[in-house]
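Engineer: What follows is start.pdb; its format and atoms are PDB, N, CA and C atoms.
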```pdb
ATOM      1  N   MET A   1      -2.537   9.039   8.492
ATOM      2  CA  MET A   1      -2.351   7.770   9.173
ATOM      3  C   MET A   1      -0.876   7.435   9.334
ATOM      4  N   THR A   2      -0.007   8.312   8.912
ATOM      5  CA  THR A   2       1.425   8.060   9.009
ATOM      6  C   THR A   2       2.015   8.875  10.161
ATOM      7  N   PRO A   3       2.687   8.215  11.111
ATOM      8  CA  PRO A   3       3.356   8.990  12.159
ATOM      9  C   PRO A   3       4.425   9.884  11.537
ATOM     10  N   LYS A   4       4.532  11.101  12.033
ATOM     11  CA  LYS A   4       5.464  12.062  11.445
ATOM     12  C   LYS A   4       6.904  11.562  11.474
ATOM     13  N   ALA A   5       7.266  10.832  12.512
ATOM     14  CA  ALA A   5       8.642  10.351  12.640
ATOM     15  C   ALA A   5       8.958   9.201  11.685
ATOM     16  N   LYS A   6       7.927   8.609  11.092
ATOM     17  CA  LYS A   6       8.144   7.446  10.222
ATOM     18  C   LYS A   6       7.661   7.672   8.790
ATOM     19  N   THR A   7       7.531   8.926   8.383
ATOM     20  CA  THR A   7       7.021   9.186   7.037
ATOM     21  C   THR A   7       7.929   8.627   5.954
ATOM     22  N   SER A   8       9.238   8.698   6.150
ATOM     23  CA  SER A   8      10.137   8.185   5.109
ATOM     24  C   SER A   8      10.004   6.669   4.961
ATOM     25  N   GLU A   9       9.786   5.959   6.064
ATOM     26  CA  GLU A   9       9.601   4.507   5.981
ATOM     27  C   GLU A   9       8.326   4.162   5.217
ATOM     28  N   PHE A  10       7.244   4.883   5.517
ATOM     29  CA  PHE A  10       5.985   4.616   4.848
ATOM     30  C   PHE A  10       6.074   4.934   3.360
ATOM     31  N   PHE A  11       6.648   6.068   3.018
ATOM     32  CA  PHE A  11       6.743   6.428   1.606
ATOM     33  C   PHE A  11       7.721   5.529   0.865
ATOM     34  N   GLY A  12       8.730   5.022   1.558
ATOM     35  CA  GLY A  12       9.623   4.037   0.946
ATOM     36  C   GLY A  12       8.865   2.771   0.589
ATOM     37  N   PHE A  13       7.993   2.335   1.506
ATOM     38  CA  PHE A  13       7.164   1.154   1.238
ATOM     39  C   PHE A  13       6.235   1.406   0.052
ATOM     40  N   TYR A  14       5.612   2.586   0.021
ATOM     41  CA  TYR A  14       4.731   2.926  -1.095
ATOM     42  C   TYR A  14       5.497   2.915  -2.420
ATOM     43  N   ASP A  15       6.716   3.421  -2.392
ATOM     44  CA  ASP A  15       7.518   3.478  -3.609
ATOM     45  C   ASP A  15       7.863   2.077  -4.105
ATOM     46  N   VAL A  16       8.253   1.201  -3.185
ATOM     47  CA  VAL A  16       8.597  -0.175  -3.575
ATOM     48  C   VAL A  16       7.363  -0.894  -4.114
ATOM     49  N   SER A  17       6.208  -0.701  -3.454
ATOM     50  CA  SER A  17       4.997  -1.363  -3.949
ATOM     51  C   SER A  17       4.609  -0.836  -5.326
ATOM     52  N   SER A  18       4.893   0.431  -5.582
ATOM     53  CA  SER A  18       4.639   0.992  -6.910
ATOM     54  C   SER A  18       5.523   0.327  -7.958
ATOM     55  N   LYS A  19       6.773   0.061  -7.599
ATOM     56  CA  LYS A  19       7.685  -0.621  -8.536
ATOM     57  C   LYS A  19       7.189  -2.030  -8.847
ATOM     58  N   PHE A  20       6.710  -2.735  -7.807
ATOM     59  CA  PHE A  20       6.182  -4.082  -8.036
ATOM     60  C   PHE A  20       4.954  -4.043  -8.934
ATOM     61  N   ALA A  21       4.098  -3.047  -8.733
ATOM     62  CA  ALA A  21       2.912  -2.919  -9.583
ATOM     63  C   ALA A  21       3.313  -2.659 -11.027
ATOM     64  N   GLY A  22       4.369  -1.870 -11.208
ATOM     65  CA  GLY A  22       4.853  -1.578 -12.557
ATOM     66  C   GLY A  22       5.455  -2.781 -13.250
ATOM     67  N   ILE A  23       5.821  -3.788 -12.479
ATOM     68  CA  ILE A  23       6.377  -5.017 -13.055
ATOM     69  C   ILE A  23       5.288  -6.078 -13.204
ATOM     70  N   LEU A  24       4.508  -6.288 -12.141
ATOM     71  CA  LEU A  24       3.537  -7.381 -12.149
ATOM     72  C   LEU A  24       2.381  -7.156 -13.123
ATOM     73  N   GLY A  25       1.917  -5.915 -13.271
ATOM     74  CA  GLY A  25       0.810  -5.645 -14.204
ATOM     75  C   GLY A  25       1.158  -5.996 -15.645
ATOM     76  N   PRO A  26       2.244  -5.426 -16.178
ATOM     77  CA  PRO A  26       2.625  -5.778 -17.543
ATOM     78  C   PRO A  26       3.015  -7.256 -17.700
ATOM     79  N   LEU A  27       3.604  -7.836 -16.651
ATOM     80  CA  LEU A  27       3.967  -9.255 -16.718
ATOM     81  C   LEU A  27       2.721 -10.121 -16.862
ATOM     82  N   LEU A  28       1.714  -9.859 -16.027
ATOM     83  CA  LEU A  28       0.468 -10.627 -16.117
ATOM     84  C   LEU A  28      -0.199 -10.405 -17.475
ATOM     85  N   TYR A  29      -0.227  -9.157 -17.914
ATOM     86  CA  TYR A  29      -0.815  -8.839 -19.207
ATOM     87  C   TYR A  29      -0.128  -9.637 -20.322
ATOM     88  N   GLY A  30       1.198  -9.646 -20.318
ATOM     89  CA  GLY A  30       1.953 -10.353 -21.355
ATOM     90  C   GLY A  30       1.797 -11.857 -21.298
ATOM     91  N   VAL A  31       1.834 -12.419 -20.092
ATOM     92  CA  VAL A  31       1.712 -13.874 -19.944
ATOM     93  C   VAL A  31       0.335 -14.337 -20.405
ATOM     94  N   VAL A  32      -0.708 -13.648 -19.963
ATOM     95  CA  VAL A  32      -2.064 -14.042 -20.372
ATOM     96  C   VAL A  32      -2.228 -13.855 -21.875
ATOM     97  N   GLY A  33      -1.653 -12.789 -22.409
ATOM     98  CA  GLY A  33      -1.734 -12.569 -23.858
ATOM     99  C   GLY A  33      -1.036 -13.666 -24.643
ATOM    100  N   GLN A  34       0.107 -14.119 -24.155
ATOM    101  CA  GLN A  34       0.829 -15.186 -24.850
ATOM    102  C   GLN A  34       0.101 -16.523 -24.739
ATOM    103  N   ILE A  35      -0.461 -16.798 -23.578
ATOM    104  CA  ILE A  35      -1.132 -18.087 -23.376
ATOM    105  C   ILE A  35      -2.440 -18.144 -24.156
ATOM    106  N   THR A  36      -3.228 -17.075 -24.097
ATOM    107  CA  THR A  36      -4.556 -17.105 -24.716
ATOM    108  C   THR A  36      -4.586 -16.540 -26.127
ATOM    109  N   GLY A  37      -3.609 -15.698 -26.462
ATOM    110  CA  GLY A  37      -3.611 -15.060 -27.775
ATOM    111  C   GLY A  37      -4.641 -13.953 -27.891
ATOM    112  N   SER A  38      -5.176 -13.489 -26.756
ATOM    113  CA  SER A  38      -6.217 -12.471 -26.781
ATOM    114  C   SER A  38      -5.851 -11.308 -25.861
ATOM    115  N   ASN A  39      -5.822 -10.098 -26.445
ATOM    116  CA  ASN A  39      -5.583  -8.916 -25.636
ATOM    117  C   ASN A  39      -6.761  -8.621 -24.718
ATOM    118  N   ARG A  40      -7.949  -9.007 -25.137
ATOM    119  CA  ARG A  40      -9.135  -8.768 -24.302
ATOM    120  C   ARG A  40      -9.032  -9.538 -22.996
ATOM    121  N   LEU A  41      -8.614 -10.778 -23.068
ATOM    122  CA  LEU A  41      -8.460 -11.570 -21.840
ATOM    123  C   LEU A  41      -7.321 -11.037 -20.987
ATOM    124  N   SER A  42      -6.294 -10.483 -21.628
ATOM    125  CA  SER A  42      -5.195  -9.877 -20.878
ATOM    126  C   SER A  42      -5.697  -8.698 -20.055
ATOM    127  N   ILE A  43      -6.520  -7.884 -20.662
ATOM    128  CA  ILE A  43      -7.074  -6.732 -19.952
ATOM    129  C   ILE A  43      -7.989  -7.204 -18.823
ATOM    130  N   LEU A  44      -8.800  -8.205 -19.086
ATOM    131  CA  LEU A  44      -9.678  -8.731 -18.044
ATOM    132  C   LEU A  44      -8.889  -9.345 -16.887
ATOM    133  N   SER A  45      -7.731  -9.918 -17.184
ATOM    134  CA  SER A  45      -6.936 -10.541 -16.120
ATOM    135  C   SER A  45      -6.420  -9.511 -15.122
ATOM    136  N   LEU A  46      -6.292  -8.268 -15.554
ATOM    137  CA  LEU A  46      -5.823  -7.218 -14.651
ATOM    138  C   LEU A  46      -6.858  -6.865 -13.591
ATOM    139  N   ILE A  47      -8.090  -7.296 -13.785
ATOM    140  CA  ILE A  47      -9.135  -7.075 -12.788
ATOM    141  C   ILE A  47      -8.750  -7.749 -11.473
ATOM    142  N   VAL A  48      -7.947  -8.797 -11.539
ATOM    143  CA  VAL A  48      -7.479  -9.482 -10.330
ATOM    144  C   VAL A  48      -6.814  -8.482  -9.383
ATOM    145  N   PHE A  49      -6.005  -7.596  -9.914
ATOM    146  CA  PHE A  49      -5.318  -6.617  -9.074
ATOM    147  C   PHE A  49      -6.296  -5.613  -8.469
ATOM    148  N   PHE A  50      -7.279  -5.183  -9.240
ATOM    149  CA  PHE A  50      -8.256  -4.236  -8.724
ATOM    150  C   PHE A  50      -9.116  -4.859  -7.627
ATOM    151  N   VAL A  51      -9.522  -6.108  -7.837
ATOM    152  CA  VAL A  51     -10.326  -6.796  -6.826
ATOM    153  C   VAL A  51      -9.490  -7.031  -5.570
ATOM    154  N   GLY A  52      -8.245  -7.449  -5.748
ATOM    155  CA  GLY A  52      -7.363  -7.650  -4.597
ATOM    156  C   GLY A  52      -7.136  -6.368  -3.815
ATOM    157  N   GLY A  53      -6.945  -5.273  -4.523
ATOM    158  CA  GLY A  53      -6.771  -3.989  -3.863
ATOM    159  C   GLY A  53      -8.019  -3.559  -3.108
ATOM    160  N   ALA A  54      -9.164  -3.794  -3.699
ATOM    161  CA  ALA A  54     -10.422  -3.443  -3.042
ATOM    162  C   ALA A  54     -10.614  -4.272  -1.774
ATOM    163  N   ILE A  55     -10.266  -5.543  -1.833
ATOM    164  CA  ILE A  55     -10.377  -6.401  -0.648
ATOM    165  C   ILE A  55      -9.433  -5.916   0.448
ATOM    166  N   LEU A  56      -8.213  -5.541   0.076
ATOM    167  CA  LEU A  56      -7.275  -5.009   1.069
ATOM    168  C   LEU A  56      -7.801  -3.714   1.697
ATOM    169  N   LEU A  57      -8.371  -2.850   0.885
ATOM    170  CA  LEU A  57      -8.887  -1.581   1.397
ATOM    171  C   LEU A  57     -10.086  -1.763   2.313
ATOM    172  N   LEU A  58     -10.859  -2.812   2.093
ATOM    173  CA  LEU A  58     -12.001  -3.070   2.974
ATOM    174  C   LEU A  58     -11.537  -3.375   4.399
ATOM    175  N   GLY A  59     -10.341  -3.920   4.532
ATOM    176  CA  GLY A  59      -9.813  -4.263   5.854
ATOM    177  C   GLY A  59      -9.143  -3.113   6.575
ATOM    178  N   VAL A  60      -9.019  -1.958   5.928
ATOM    179  CA  VAL A  60      -8.354  -0.814   6.547
ATOM    180  C   VAL A  60      -9.315  -0.117   7.508
ATOM    181  N   LYS A  61      -8.848   0.052   8.728
ATOM    182  CA  LYS A  61      -9.625   0.777   9.740
ATOM    183  C   LYS A  61      -9.010   2.158   9.860
ATOM    184  N   GLU A  62      -9.566   3.102   9.100
ATOM    185  CA  GLU A  62      -8.976   4.434   8.970
ATOM    186  C   GLU A  62      -8.884   5.158  10.313
ATOM    187  N   GLU A  63      -9.955   5.130  11.087
ATOM    188  CA  GLU A  63      -9.955   5.834  12.369
ATOM    189  C   GLU A  63      -8.896   5.269  13.299
ATOM    190  N   GLU A  64      -8.773   3.955  13.316
ATOM    191  CA  GLU A  64      -7.764   3.326  14.172
ATOM    192  C   GLU A  64      -6.352   3.687  13.710
ATOM    193  N   GLY A  65      -6.136   3.746  12.423
ATOM    194  CA  GLY A  65      -4.826   4.124  11.900
ATOM    195  C   GLY A  65      -4.448   5.541  12.272
ATOM    196  N   ILE A  66      -5.420   6.446  12.201
ATOM    197  CA  ILE A  66      -5.168   7.833  12.588
ATOM    198  C   ILE A  66      -4.859   7.911  14.079
ATOM    199  N   ARG A  67      -5.609   7.154  14.888
ATOM    200  CA  ARG A  67      -5.387   7.152  16.327
ATOM    201  C   ARG A  67      -4.002   6.620  16.680
ATOM    202  N   VAL A  68      -3.607   5.542  16.038
ATOM    203  CA  VAL A  68      -2.295   4.953  16.301
ATOM    204  C   VAL A  68      -1.183   5.918  15.897
ATOM    205  N   ALA A  69      -1.345   6.594  14.771
ATOM    206  CA  ALA A  69      -0.338   7.561  14.325
ATOM    207  C   ALA A  69      -0.231   8.725  15.304
ATOM    208  N   ARG A  70      -1.369   9.214  15.787
ATOM    209  CA  ARG A  70      -1.347  10.304  16.766
ATOM    210  C   ARG A  70      -0.702   9.858  18.074
ATOM    211  N   ASP A  71      -1.017   8.634  18.508
ATOM    212  CA  ASP A  71      -0.403   8.111  19.731
ATOM    213  C   ASP A  71       1.107   7.994  19.580
ATOM    214  N   GLU A  72       1.547   7.547  18.425
ATOM    215  CA  GLU A  72       2.985   7.427  18.149
ATOM    216  C   GLU A  72       3.651   8.803  18.174
ATOM    217  N   ASP A  73       3.019   9.787  17.565
ATOM    218  CA  ASP A  73       3.562  11.140  17.574
ATOM    219  C   ASP A  73       3.626  11.706  18.991
ATOM    220  N   ALA A  74       2.574  11.461  19.775
ATOM    221  CA  ALA A  74       2.546  11.945  21.161
ATOM    222  C   ALA A  74       3.622  11.270  21.996
ATOM    223  N   ALA A  75       3.822   9.973  21.800
ATOM    224  CA  ALA A  75       4.848   9.250  22.548
ATOM    225  C   ALA A  75       6.232   9.779  22.205
ATOM    226  N   ARG A  76       6.481  10.067  20.953
ATOM    227  CA  ARG A  76       7.775  10.636  20.545
ATOM    228  C   ARG A  76       7.983  12.018  21.136
ATOM    229  N   ALA A  77       6.904  12.809  21.178
ATOM    230  CA  ALA A  77       7.004  14.160  21.746
ATOM    231  C   ALA A  77       7.295  14.085  23.243
ATOM    232  N   ASN A  78       6.685  13.118  23.929
ATOM    233  CA  ASN A  78       6.903  12.961  25.367
ATOM    234  C   ASN A  78       8.315  12.459  25.669
ATOM    235  N   GLU A  79       8.891  11.662  24.778
ATOM    236  CA  GLU A  79      10.253  11.185  24.971
ATOM    237  C   GLU A  79      11.234  12.347  24.995
ATOM    238  N   GLY A  80      10.982  13.338  24.184
ATOM    239  CA  GLY A  80      11.872  14.486  24.098
ATOM    240  C   GLY A  80      11.766  15.420  25.280
ATOM    241  N   THR A  81      10.645  15.344  26.027
ATOM    242  CA  THR A  81      10.459  16.270  27.146
ATOM    243  C   THR A  81      10.854  15.678  28.496
ATOM    244  N   THR A  82      11.060  14.377  28.565
ATOM    245  CA  THR A  82      11.440  13.770  29.843
ATOM    246  C   THR A  82      12.944  13.853  30.022
ATOM    247  N   ASP A  83      13.366  14.161  31.241
ATOM    248  CA  ASP A  83      14.797  14.238  31.578
ATOM    249  C   ASP A  83      15.160  13.027  32.419
ATOM    250  N   ASN A  84      16.080  12.218  31.933
ATOM    251  CA  ASN A  84      16.523  11.032  32.680
ATOM    252  C   ASN A  84      17.905  11.249  33.205
TER     253      ASN A  84
END
```
Mind turning the file's structure into structure tokens?

Structural biologist:
Amino acid sequence: MTPKAKTSEFFGFYDVSSKFAGILGPLLYGVVGQITGSNRLSILSLIVFFVGGAILLLGVKEEEGIRVARDEDAARANEGTTDN
């Protein structure tokens, strides 16, 4: 689903989102643990991220993403073949 010409941009975004996940997960775990005094509730609070991720994934239209990426690649290829 990633256009070949924009792979570095997409992977850069993935990398940054990974960094945020590495910060927000432990932060939520620690805050809930401090407020409630229970590690069990801290672990349960992380379900918020899993549910949110699942909701985001439900909105992904995989076929459309692949089509858009192919169209982008084709448009870039055609730009290189036209003489102006």

Engineer: Give me every alpha helix (DSSP H) residue in chain A, going by DSSP on the backbone, as a PyMOL selection string.

Structural biologist: chain A and resi 7-36+39-45+47-58+62-81

Engineer: Once the PyMOL selection byres ((chain A and resi 42) around 8) has been applied to the shown file, what residues remain in the selection, as a list in words?

Structural biologist: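 Applying the PyMOL selection byres ((chain A and resi 42) around 8) to the structure shown produces Leu28, Tyr29, Gly30, Val31, Val32, Gly33, Gln34, Thr36, Gly37, Ser38, Asn39, Arg40, Leu41, Ile43, Leu44, Ser45, Leu46 and Ile47 of chain A.
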
Engineer: Go ahead and compute the interatomic distance for atom CA of A:Thr2 and atom CA of A:Asn78, in Å to one decimal.

Structural biologist: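 Spanning atom CA of A:Thr2 to atom CA of A:Asn78 is a straight-line distance of 17.9 Å.
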
Engineer: For a test of reading the model, state the distance in Å between atom N of A:Ala5 and atom CA of A:Asp73, rounded to one decimal.

Structural biologist: 6.3 Å

Engineer: Which value, in Å to one decimal, gives the distance between atom C of A:Glu63 and atom C of A:Arg76?

Structural biologist: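 If I compute the distance from atom C of A:Glu63 to atom C of A:Arg76, I get 19.8 Å.
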
Engineer: Quick one: what's the axis-aligned box for stretch 11-23 of chain A, all listed atoms, 5 Å on every side, centre and edges in Å to one decimal, as lines of an AutoDock Vina configuration file?

Structural biologist:
```
center_x = 6.3
center_y = 0.2
center_z = -5.1
size_x = 16.7
size_y = 22.5
size_z = 26.3
```
